[in-house]
Amino acid sequence: MLWLAVRMVDAANRERETGDGVKVGGHQASSASLVSVLTALYFGHLGPADRVSVKPHAAPVFHAIQYLLGNLDPAYLTRLRARGGLQAYPSRTKDPDGVDFSTGSVGLGAAAPLFAAATRRYVDAHFGPRPHARFVAVLGDAELDEGSVWEAVADPATAGLGNVMWVVDLNRQSLDRVVPGIRVAQWSAQFAAAGWHVVEVKYGSRLRAAFARTGGDALRDWLDRMPNEHYQSLFGLTGEPLRKQFLDGAPAPVVAAVADVPDDDLALLLQDLGGHDVSALLAAYAECDRVTDRPSVVFAYTVKGWHLPAAGHPRNHSALLTGEQVDALRAASGLTVATEWDRLDPSTPAGELVAARQAALGRSSGPAPQQPIVPVRSGVRVGARASTQEMFGRVLTDLARDPSVAPYLVTTAPDVATSTNLAGFINRTGIFAPDARTTWSTDPVLRWVEGPSGQHIELGISEMNLFMLLGQLGLAGELSGQPLLPVGTVYDPFVCRGLDAFIYATYSGASFVVAGTPSGVTLAPEGGAHQSTLTASLGLELPGVTFAEPAYGAALDWQLCAALGAVAAGRGAFYFRLTTRPIDQAPFEEARARLGDAVLRRQVLAGAYRLRDAGPQAVVQLVGSGAVLPEVLAAADELADEGVAAHVVDVTSLDRLYADWQAAVRAGIRSARVPALPGALRTAFAPGVPLVTVHDAASHAMAWLGSALGVACVPLGVDGFGQSGTVADLYALHDLAPGAIVNAALSAVALHG
């Protein structure tokens with residue numbers, strides 16, 4: 001495994017012609033530090049149902065394992081970091097050899113198995129036990145600097161998961177340096193305080209034997225107290241220089257303890273760390289298995305660059321072996337240029353072990369899981385005035401009455417369930433807990449009943465954990481054999497707090513719905529700290545996410561049901577940007593009467609429809625999205641009074657429109673033809689008529705419509721931080737009031753000529 005991992009990186013860097021001068025890179029030293037940890041896992045511990053997250057910089061080791069197990073075609077070994085080849089970091093959607101969890105953004109790969117185990121606990125409670133599985137994360141010690149790790153560890157939703165084990169590669173080096181001090185005591189205390197079981201695998205069999213001899217206690221104490229910089233300085237030294245460096249300042253019993261160790265053997269003894277002792281690692285893993293009431297963490301002391309020339313060197317993170325060093329490693333591994341990519345000989349003990357593990361780790365598909373069937377709309381009736389946040393909660397509550405949908409719905413929120421309108425759903429379904437819990441107080445509004453049948457998972461105040469949990473709930477069909485319909489809510493401005501985990505979830509191919517609510521300066525009295533401007537752009541630009549911002553209740557109902565139907569089929573994530581502003585529903589009903597349900601629903605789902613049609617005499621188009629539609633309609637009325645006819649277009653999903661436009665543009669480019677305007681843009685917008693776009697978000701999010709339609713466009717939006725005030729105050733401040741829209745419309749007409 002060490003040879004294959006190092007050689008994959010070597011071939012990618014020394015033998016591949018890239019033509020662009022950009023280094024390919026790879027992490028030979030970081031891979032070397034984990035070969036023993038992963039050998040023990042895959043060839044002595046794991047079962048077929050277990051799921052593993054491998055730290056990003058050890059991707060070559062993972063691929064070497066899969067190659068030896070027969071799960072990777074040999075052609076991929078020379079295609080690390082190449083187009084269509086093995087990814088730089090493990091990717092469950094892009095790598096060919098069965099990656100369980102994507103890694104790359106440090107810290108998130110560690111948290112993913114934790115939330116996958118929480119998901120499995122939920123699935124088992126609601127749909128019956130699945131085959132027992134352990135959820136394992138192998139992470140670098142520097143990843144423990146990430147706050148997202150500790151947010152995940154401390155959340156009550158992840159407590160008591162006895163099938164979780166983290167293995168920390170404690171090589172005491174980060175990307176830039178040798179870490180000045182080992183923080184394992186601090187980290188161990190933090191894990192223990194969060195209820196975790198902590199194991200330390202510090203020394204290998206040679207050192208443990210030395211500790212048992214005369215003077216061994218002093219030797220161990222000296223090693224335990226030695227500053228990390230001192231210990232790391234021993235690498236690269238041998239013989240008398242090594243002895244002198246090691247014993248600098250040591251008491252006499254330590255000198256005596258190693259006096260009989262030959263110079264040639266001293267390096268082997270002092271560098272004998274537990275993270276490279278397979279027997280010690282297997283014992284630690286078995287100990288973790290015996291602790292079933294809480295997660296476990298194993299601190300495995302390793303050498304970064306183990307058995308490589310730059311072992312322990314402070315700048316070895318991205319160092320590459322020279323051709324001569326690769327040749328020497330090949331020879332030391334008993335290989336030749338002709339045999340260097342061979343799998344193990346099946347007639348040898350090692351080959352027999354690999355064959356046995358290949359059979360033991362083979363995954364078989366179980367019976368087809370139960371599947372949700374989502375209707376095209378709920379049974380909710382929309383009143384004369386309603387907000388989209390209110391309608392969101394009502395639609396979910398109504399779907400919880402539908403037996404074809406209800407069992408699969410699971411909601412989650414970072415301590416904002418009631419303020420994002422999930423109370424009705426929670427009252428109907430309850431809070432999920434692994435065991436029934438006593439309710440000590442009653443609330444006439446929110447019945448907070450906790451137990452195994454509950455369908456809402458409450459989180460602490462951590463948006464990172466929200467998206468990590470949504471991501472794993474959204475992969476439950478693949479990782480736990482049962483598709484779910486996960487729905488999360490979060491205050492819209494704080495989507496940005498969880499953005500890294502949001503990206504991670506969608507990069508991993510997860511399917512879920514998240515509602516950011518309330519949003520924008522429409523959350524007027526709350527002030528700028530709670531008002532979001534960037535989130536519409538994020539929703540529009542995130543791959544794997546469909547962004548929607550309906551204004552009217554019936555449109556939200558259609559869009560939410562369609563989104564849940566797509567989630568049931570595993571077709572990506574959906575982000576709804578909603579508000580608490582109640583608006584008059586009559587304009588939508590007028591459009592409904594004009595177009596009919598079937599046509600209007602199709603256009604709403606496509607991304608836009610003409611809310612008000614001014615006929616062929618229209619000289620300007622007022623385009624709005626979300627809560628600003630009342631102001632847009634009022635501006636159209638003012639323009640009509642001045643004799644200026646204006647269409648009003650309600651954009652229900654900028655994302656749908658943009659994706660269709662870009663698909664048409666790319667198709668045109670690739671076929672050397674003039675791109676055709678996609679149907680949704682042709683249907684909702686009049687050709688050749690200038691635009692004003694109005695959005696309670698950054699103005700640029702809708703400004704592209706002018707380019708797509710080839711007309712003058714005046715974009716209005718929120719391009720500064722908000723403040724407290726009334727909706728009318730803040731709309732006037734940011735030029736979203738009817739008068740400003742009218743002036744923008746007249747400007748657009750003048751610009752268009």
# chains A, B, ... in the order shown; residues from 1 in each chain; ligands from 1
$ closest_atom_pairs --of "segment 714-746 of chain A" --to "segment 632-655 of chain A" --cutoff "7 Å" --atoms "only C-alpha atoms" --output "CSV"
residue,atom,partner,partner_atom,distance
A:Pro738,CA,A:Ala635,CA,4.5
A:Gly739,CA,A:Ala635,CA,6.6
A:Ile741,CA,A:Ala635,CA,6.0
A:Val742,CA,A:Ala635,CA,5.5
$ write_last_selection --atoms "C-alpha atoms" --output "PDB file, in the first residue's frame"
ATOM      1  CA  PRO A 738     -43.292  51.847  -6.127  1.00  0.00           C
ATOM      2  CA  GLY A 739     -42.071  55.364  -6.968  1.00  0.00           C
ATOM      3  CA  ILE A 741     -39.677  51.266  -9.610  1.00  0.00           C
ATOM      4  CA  VAL A 742     -41.693  53.691 -11.768  1.00  0.00           C
TER       5      VAL A 742
END
$ residues_around --residues "segment 413-420 of chain A" --least-positions-apart "4" --cutoff "10 Å" --atoms "only C-alpha atoms" --output "count of residues only"
36
$ select_by_dssp --residues "segment 451-644 of chain A" --states "alpha helix (DSSP H)" --output "PyMOL selection string"
chain A and resi 463-473+476-479+499-507+535-541+553-568+586-595+597-606+629-641
$ residues_around --residues "segment 143-155 of chain A" --least-positions-apart "4" --cutoff "9 Å" --atoms "only C-alpha atoms" --output "PyMOL selection string"
chain A and resi 106-108+110-111+114-115+139+159+168+187+190-191+193-196+459-462+464-465+468+501
$ write_last_selection --atoms "N, CA and C atoms" --output "PDB file, in the first residue's frame"
ATOM      1  N   VAL A 106     -11.424  20.337   5.084  1.00  0.00           N
ATOM      2  CA  VAL A 106     -11.032  19.628   6.295  1.00  0.00           C
ATOM      3  C   VAL A 106     -12.040  19.845   7.416  1.00  0.00           C
ATOM      4  N   GLY A 107     -12.262  18.789   8.177  1.00  0.00           N
ATOM      5  CA  GLY A 107     -13.220  18.801   9.267  1.00  0.00           C
ATOM      6  C   GLY A 107     -14.563  18.226   8.891  1.00  0.00           C
ATOM      7  N   LEU A 108     -15.006  18.456   7.659  1.00  0.00           N
ATOM      8  CA  LEU A 108     -16.334  18.005   7.261  1.00  0.00           C
ATOM      9  C   LEU A 108     -16.359  16.496   7.022  1.00  0.00           C
ATOM     10  N   ALA A 110     -14.764  14.390   8.664  1.00  0.00           N
ATOM     11  CA  ALA A 110     -14.828  13.768   9.987  1.00  0.00           C
ATOM     12  C   ALA A 110     -16.253  13.767  10.515  1.00  0.00           C
ATOM     13  N   ALA A 111     -16.948  14.891  10.334  1.00  0.00           N
ATOM     14  CA  ALA A 111     -18.306  15.021  10.874  1.00  0.00           C
ATOM     15  C   ALA A 111     -19.315  14.181  10.098  1.00  0.00           C
ATOM     16  N   LEU A 114     -20.415  10.862  11.524  1.00  0.00           N
ATOM     17  CA  LEU A 114     -21.152  11.077  12.764  1.00  0.00           C
ATOM     18  C   LEU A 114     -22.628  11.333  12.467  1.00  0.00           C
ATOM     19  N   PHE A 115     -22.894  12.195  11.493  1.00  0.00           N
ATOM     20  CA  PHE A 115     -24.284  12.483  11.136  1.00  0.00           C
ATOM     21  C   PHE A 115     -24.906  11.341  10.325  1.00  0.00           C
ATOM     22  N   LEU A 139      -9.035  10.964  10.233  1.00  0.00           N
ATOM     23  CA  LEU A 139      -8.784  12.390  10.031  1.00  0.00           C
ATOM     24  C   LEU A 139      -7.405  12.774  10.521  1.00  0.00           C
ATOM     25  N   ALA A 159     -25.185  12.529  20.242  1.00  0.00           N
ATOM     26  CA  ALA A 159     -24.794  11.865  21.484  1.00  0.00           C
ATOM     27  C   ALA A 159     -25.203  10.388  21.470  1.00  0.00           C
ATOM     28  N   VAL A 168      -7.674   9.498  14.730  1.00  0.00           N
ATOM     29  CA  VAL A 168      -6.922  10.730  14.477  1.00  0.00           C
ATOM     30  C   VAL A 168      -5.477  10.375  14.161  1.00  0.00           C
ATOM     31  N   TRP A 187      -7.430  17.893  23.677  1.00  0.00           N
ATOM     32  CA  TRP A 187      -8.450  17.288  22.812  1.00  0.00           C
ATOM     33  C   TRP A 187      -9.137  16.115  23.512  1.00  0.00           C
ATOM     34  N   GLN A 190     -11.658  17.380  25.827  1.00  0.00           N
ATOM     35  CA  GLN A 190     -12.835  17.914  25.137  1.00  0.00           C
ATOM     36  C   GLN A 190     -13.743  16.779  24.653  1.00  0.00           C
ATOM     37  N   PHE A 191     -13.140  15.737  24.103  1.00  0.00           N
ATOM     38  CA  PHE A 191     -13.950  14.591  23.677  1.00  0.00           C
ATOM     39  C   PHE A 191     -14.638  13.947  24.881  1.00  0.00           C
ATOM     40  N   ALA A 193     -15.435  15.281  27.699  1.00  0.00           N
ATOM     41  CA  ALA A 193     -16.480  16.163  28.215  1.00  0.00           C
ATOM     42  C   ALA A 193     -17.745  16.079  27.377  1.00  0.00           C
ATOM     43  N   ALA A 194     -17.581  15.761  26.087  1.00  0.00           N
ATOM     44  CA  ALA A 194     -18.738  15.604  25.203  1.00  0.00           C
ATOM     45  C   ALA A 194     -19.320  14.202  25.259  1.00  0.00           C
ATOM     46  N   GLY A 195     -18.758  13.354  26.137  1.00  0.00           N
ATOM     47  CA  GLY A 195     -19.302  12.016  26.314  1.00  0.00           C
ATOM     48  C   GLY A 195     -18.692  10.954  25.432  1.00  0.00           C
ATOM     49  N   TRP A 196     -17.514  11.221  24.863  1.00  0.00           N
ATOM     50  CA  TRP A 196     -16.865  10.253  23.990  1.00  0.00           C
ATOM     51  C   TRP A 196     -15.919   9.351  24.794  1.00  0.00           C
ATOM     52  N   LEU A 459     -31.528  20.493  16.615  1.00  0.00           N
ATOM     53  CA  LEU A 459     -30.087  20.700  16.732  1.00  0.00           C
ATOM     54  C   LEU A 459     -29.804  21.897  17.629  1.00  0.00           C
ATOM     55  N   GLY A 460     -28.582  21.968  18.131  1.00  0.00           N
ATOM     56  CA  GLY A 460     -28.138  23.187  18.780  1.00  0.00           C
ATOM     57  C   GLY A 460     -27.949  24.285  17.748  1.00  0.00           C
ATOM     58  N   ILE A 461     -27.524  25.444  18.212  1.00  0.00           N
ATOM     59  CA  ILE A 461     -27.398  26.591  17.301  1.00  0.00           C
ATOM     60  C   ILE A 461     -26.127  26.420  16.473  1.00  0.00           C
ATOM     61  N   SER A 462     -26.224  25.642  15.428  1.00  0.00           N
ATOM     62  CA  SER A 462     -25.089  25.395  14.540  1.00  0.00           C
ATOM     63  C   SER A 462     -25.610  25.158  13.132  1.00  0.00           C
ATOM     64  N   MET A 464     -23.725  24.824  10.583  1.00  0.00           N
ATOM     65  CA  MET A 464     -22.884  23.784   9.992  1.00  0.00           C
ATOM     66  C   MET A 464     -23.503  22.419  10.241  1.00  0.00           C
ATOM     67  N   ASN A 465     -23.943  22.185  11.477  1.00  0.00           N
ATOM     68  CA  ASN A 465     -24.553  20.897  11.792  1.00  0.00           C
ATOM     69  C   ASN A 465     -25.859  20.697  11.030  1.00  0.00           C
ATOM     70  N   MET A 468     -24.785  19.567   7.622  1.00  0.00           N
ATOM     71  CA  MET A 468     -24.172  18.245   7.700  1.00  0.00           C
ATOM     72  C   MET A 468     -25.247  17.177   7.895  1.00  0.00           C
ATOM     73  N   ALA A 501     -20.642  23.516   4.744  1.00  0.00           N
ATOM     74  CA  ALA A 501     -21.332  22.226   4.863  1.00  0.00           C
ATOM     75  C   ALA A 501     -22.434  22.089   3.815  1.00  0.00           C
TER      76      ALA A 501
END
$ residues_around --residues "segment 669-684 of chain A" --least-positions-apart "3" --cutoff "10 Å" --atoms "only C-alpha atoms" --output "MDAnalysis selection string"
chainID A and resid 602:611 613 623 647:651 656:666 687 705 708:709
$ select_by_dssp --residues "segment 625-719 of chain A" --states "strand (DSSP E)" --output "list in words"
Ser625, Ala646, His647, Val648, Val649, Asp650, Val651, Leu691, Val692, Thr693, Val694, His695, Cys713, Val714, Pro715 and Leu716 of chain A
$ residues_around --residues "Asp263 of chain A" --least-positions-apart "5" --cutoff "10 Å" --atoms "only C-alpha atoms" --output "MDAnalysis selection string"
chainID A and resid 238:243 258 268
$ atom_distance --atom1 "atom CA of Ala116 of chain A" --atom2 "atom CA of Gln472 of chain A"
5.2 Å
$ residues_around --residues "Pro550 of chain A" --least-positions-apart "3" --cutoff "7 Å" --atoms "only C-alpha atoms" --output "PyMOL selection string"
chain A and resi 555-556+625-626+652
$ write_last_selection --atoms "C-alpha atoms" --output "tab-separated table (two decimals), in the first residue's frame"
chain	number	residue	atom	x	y	z
A	555	ALA	CA	-47.03	28.68	-6.09
A	556	LEU	CA	-45.05	27.63	-3.02
A	625	SER	CA	-39.24	37.80	-7.12
A	626	GLY	CA	-40.58	37.06	-3.67
A	652	THR	CA	-40.50	31.92	-8.93
$ decode --residues "segment 189-281 of chain A" --atoms "C-alpha atoms" --output "PDB file, in the first residue's frame"
ATOM      1  CA  ALA A 189     -10.543  16.218  27.642  1.00  0.00           C
ATOM      2  CA  GLN A 190     -12.835  17.914  25.137  1.00  0.00           C
ATOM      3  CA  PHE A 191     -13.950  14.591  23.677  1.00  0.00           C
ATOM      4  CA  ALA A 192     -14.462  13.119  27.136  1.00  0.00           C
ATOM      5  CA  ALA A 193     -16.480  16.163  28.215  1.00  0.00           C
ATOM      6  CA  ALA A 194     -18.738  15.604  25.203  1.00  0.00           C
ATOM      7  CA  GLY A 195     -19.302  12.016  26.314  1.00  0.00           C
ATOM      8  CA  TRP A 196     -16.865  10.253  23.990  1.00  0.00           C
ATOM      9  CA  HIS A 197     -14.701   7.220  24.762  1.00  0.00           C
ATOM     10  CA  VAL A 198     -11.012   8.105  24.238  1.00  0.00           C
ATOM     11  CA  VAL A 199      -8.208   5.664  23.333  1.00  0.00           C
ATOM     12  CA  GLU A 200      -4.536   6.480  22.817  1.00  0.00           C
ATOM     13  CA  VAL A 201      -2.240   4.327  20.675  1.00  0.00           C
ATOM     14  CA  LYS A 202       1.067   6.015  21.292  1.00  0.00           C
ATOM     15  CA  TYR A 203       3.884   3.466  21.281  1.00  0.00           C
ATOM     16  CA  GLY A 204       4.642   0.366  19.233  1.00  0.00           C
ATOM     17  CA  SER A 205       5.738  -3.047  20.413  1.00  0.00           C
ATOM     18  CA  ARG A 206       9.505  -2.258  20.432  1.00  0.00           C
ATOM     19  CA  LEU A 207       9.093   0.737  22.715  1.00  0.00           C
ATOM     20  CA  ARG A 208       6.564  -1.038  24.922  1.00  0.00           C
ATOM     21  CA  ALA A 209       9.083  -3.868  25.377  1.00  0.00           C
ATOM     22  CA  ALA A 210      11.778  -1.298  26.215  1.00  0.00           C
ATOM     23  CA  PHE A 211       9.513   0.281  28.810  1.00  0.00           C
ATOM     24  CA  ALA A 212       9.220  -3.126  30.517  1.00  0.00           C
ATOM     25  CA  ARG A 213      13.002  -3.395  30.994  1.00  0.00           C
ATOM     26  CA  THR A 214      15.174  -1.777  33.635  1.00  0.00           C
ATOM     27  CA  GLY A 215      14.996   2.001  33.286  1.00  0.00           C
ATOM     28  CA  GLY A 216      11.924   1.727  31.093  1.00  0.00           C
ATOM     29  CA  ASP A 217       9.798   3.977  33.284  1.00  0.00           C
ATOM     30  CA  ALA A 218      12.346   6.769  32.969  1.00  0.00           C
ATOM     31  CA  LEU A 219      12.564   6.250  29.206  1.00  0.00           C
ATOM     32  CA  ARG A 220       8.792   6.481  28.843  1.00  0.00           C
ATOM     33  CA  ASP A 221       8.606   9.546  31.052  1.00  0.00           C
ATOM     34  CA  TRP A 222      11.356  11.210  28.989  1.00  0.00           C
ATOM     35  CA  LEU A 223       9.511  10.494  25.742  1.00  0.00           C
ATOM     36  CA  ASP A 224       6.178  11.605  27.176  1.00  0.00           C
ATOM     37  CA  ARG A 225       7.590  14.931  28.357  1.00  0.00           C
ATOM     38  CA  MET A 226       9.765  15.591  25.321  1.00  0.00           C
ATOM     39  CA  PRO A 227       8.662  18.717  23.373  1.00  0.00           C
ATOM     40  CA  ASN A 228       7.323  17.873  19.962  1.00  0.00           C
ATOM     41  CA  GLU A 229       9.978  19.948  18.200  1.00  0.00           C
ATOM     42  CA  HIS A 230      12.687  17.959  20.001  1.00  0.00           C
ATOM     43  CA  TYR A 231      11.137  14.626  19.047  1.00  0.00           C
ATOM     44  CA  GLN A 232      10.628  15.626  15.403  1.00  0.00           C
ATOM     45  CA  SER A 233      14.262  16.735  15.184  1.00  0.00           C
ATOM     46  CA  LEU A 234      15.336  13.110  15.653  1.00  0.00           C
ATOM     47  CA  PHE A 235      14.107  12.077  12.215  1.00  0.00           C
ATOM     48  CA  GLY A 236      16.792  11.899   9.592  1.00  0.00           C
ATOM     49  CA  LEU A 237      19.438  11.141  12.200  1.00  0.00           C
ATOM     50  CA  THR A 238      21.040   7.766  12.872  1.00  0.00           C
ATOM     51  CA  GLY A 239      23.759   6.306  15.045  1.00  0.00           C
ATOM     52  CA  GLU A 240      25.715   8.516  17.422  1.00  0.00           C
ATOM     53  CA  PRO A 241      24.228  11.862  16.205  1.00  0.00           C
ATOM     54  CA  LEU A 242      20.757  10.468  16.913  1.00  0.00           C
ATOM     55  CA  ARG A 243      21.778   9.248  20.371  1.00  0.00           C
ATOM     56  CA  LYS A 244      23.311  12.623  21.223  1.00  0.00           C
ATOM     57  CA  GLN A 245      20.236  14.567  20.046  1.00  0.00           C
ATOM     58  CA  PHE A 246      17.836  12.254  21.869  1.00  0.00           C
ATOM     59  CA  LEU A 247      19.717  12.329  25.166  1.00  0.00           C
ATOM     60  CA  ASP A 248      20.322  16.084  25.194  1.00  0.00           C
ATOM     61  CA  GLY A 249      19.405  17.019  28.782  1.00  0.00           C
ATOM     62  CA  ALA A 250      18.238  13.500  29.692  1.00  0.00           C
ATOM     63  CA  PRO A 251      18.700  12.132  33.220  1.00  0.00           C
ATOM     64  CA  ALA A 252      21.067   9.233  33.859  1.00  0.00           C
ATOM     65  CA  PRO A 253      18.370   6.506  33.986  1.00  0.00           C
ATOM     66  CA  VAL A 254      17.318   7.395  30.427  1.00  0.00           C
ATOM     67  CA  VAL A 255      20.926   7.232  29.217  1.00  0.00           C
ATOM     68  CA  ALA A 256      21.244   3.830  30.847  1.00  0.00           C
ATOM     69  CA  ALA A 257      17.943   2.614  29.362  1.00  0.00           C
ATOM     70  CA  VAL A 258      19.225   2.951  25.797  1.00  0.00           C
ATOM     71  CA  ALA A 259      22.904   2.224  26.454  1.00  0.00           C
ATOM     72  CA  ASP A 260      22.561  -1.362  25.234  1.00  0.00           C
ATOM     73  CA  VAL A 261      20.646  -0.419  22.078  1.00  0.00           C
ATOM     74  CA  PRO A 262      23.016  -0.650  19.079  1.00  0.00           C
ATOM     75  CA  ASP A 263      23.385   2.531  17.047  1.00  0.00           C
ATOM     76  CA  ASP A 264      21.875   0.812  14.015  1.00  0.00           C
ATOM     77  CA  ASP A 265      18.729  -0.091  15.982  1.00  0.00           C
ATOM     78  CA  LEU A 266      18.184   3.175  17.850  1.00  0.00           C
ATOM     79  CA  ALA A 267      16.165   4.890  15.097  1.00  0.00           C
ATOM     80  CA  LEU A 268      13.877   1.866  14.765  1.00  0.00           C
ATOM     81  CA  LEU A 269      13.262   1.967  18.501  1.00  0.00           C
ATOM     82  CA  LEU A 270      12.669   5.698  18.922  1.00  0.00           C
ATOM     83  CA  GLN A 271      10.427   5.994  15.870  1.00  0.00           C
ATOM     84  CA  ASP A 272       8.309   2.988  16.870  1.00  0.00           C
ATOM     85  CA  LEU A 273       4.966   4.726  17.287  1.00  0.00           C
ATOM     86  CA  GLY A 274       1.631   2.997  17.893  1.00  0.00           C
ATOM     87  CA  GLY A 275       0.019   4.322  14.753  1.00  0.00           C
ATOM     88  CA  HIS A 276       2.303   2.011  12.763  1.00  0.00           C
ATOM     89  CA  ASP A 277       1.744  -1.056  14.961  1.00  0.00           C
ATOM     90  CA  VAL A 278      -1.076  -2.997  13.331  1.00  0.00           C
ATOM     91  CA  SER A 279      -1.636  -5.221  16.363  1.00  0.00           C
ATOM     92  CA  ALA A 280      -1.932  -2.220  18.679  1.00  0.00           C
ATOM     93  CA  LEU A 281      -4.334  -0.548  16.273  1.00  0.00           C
TER      94      LEU A 281
END
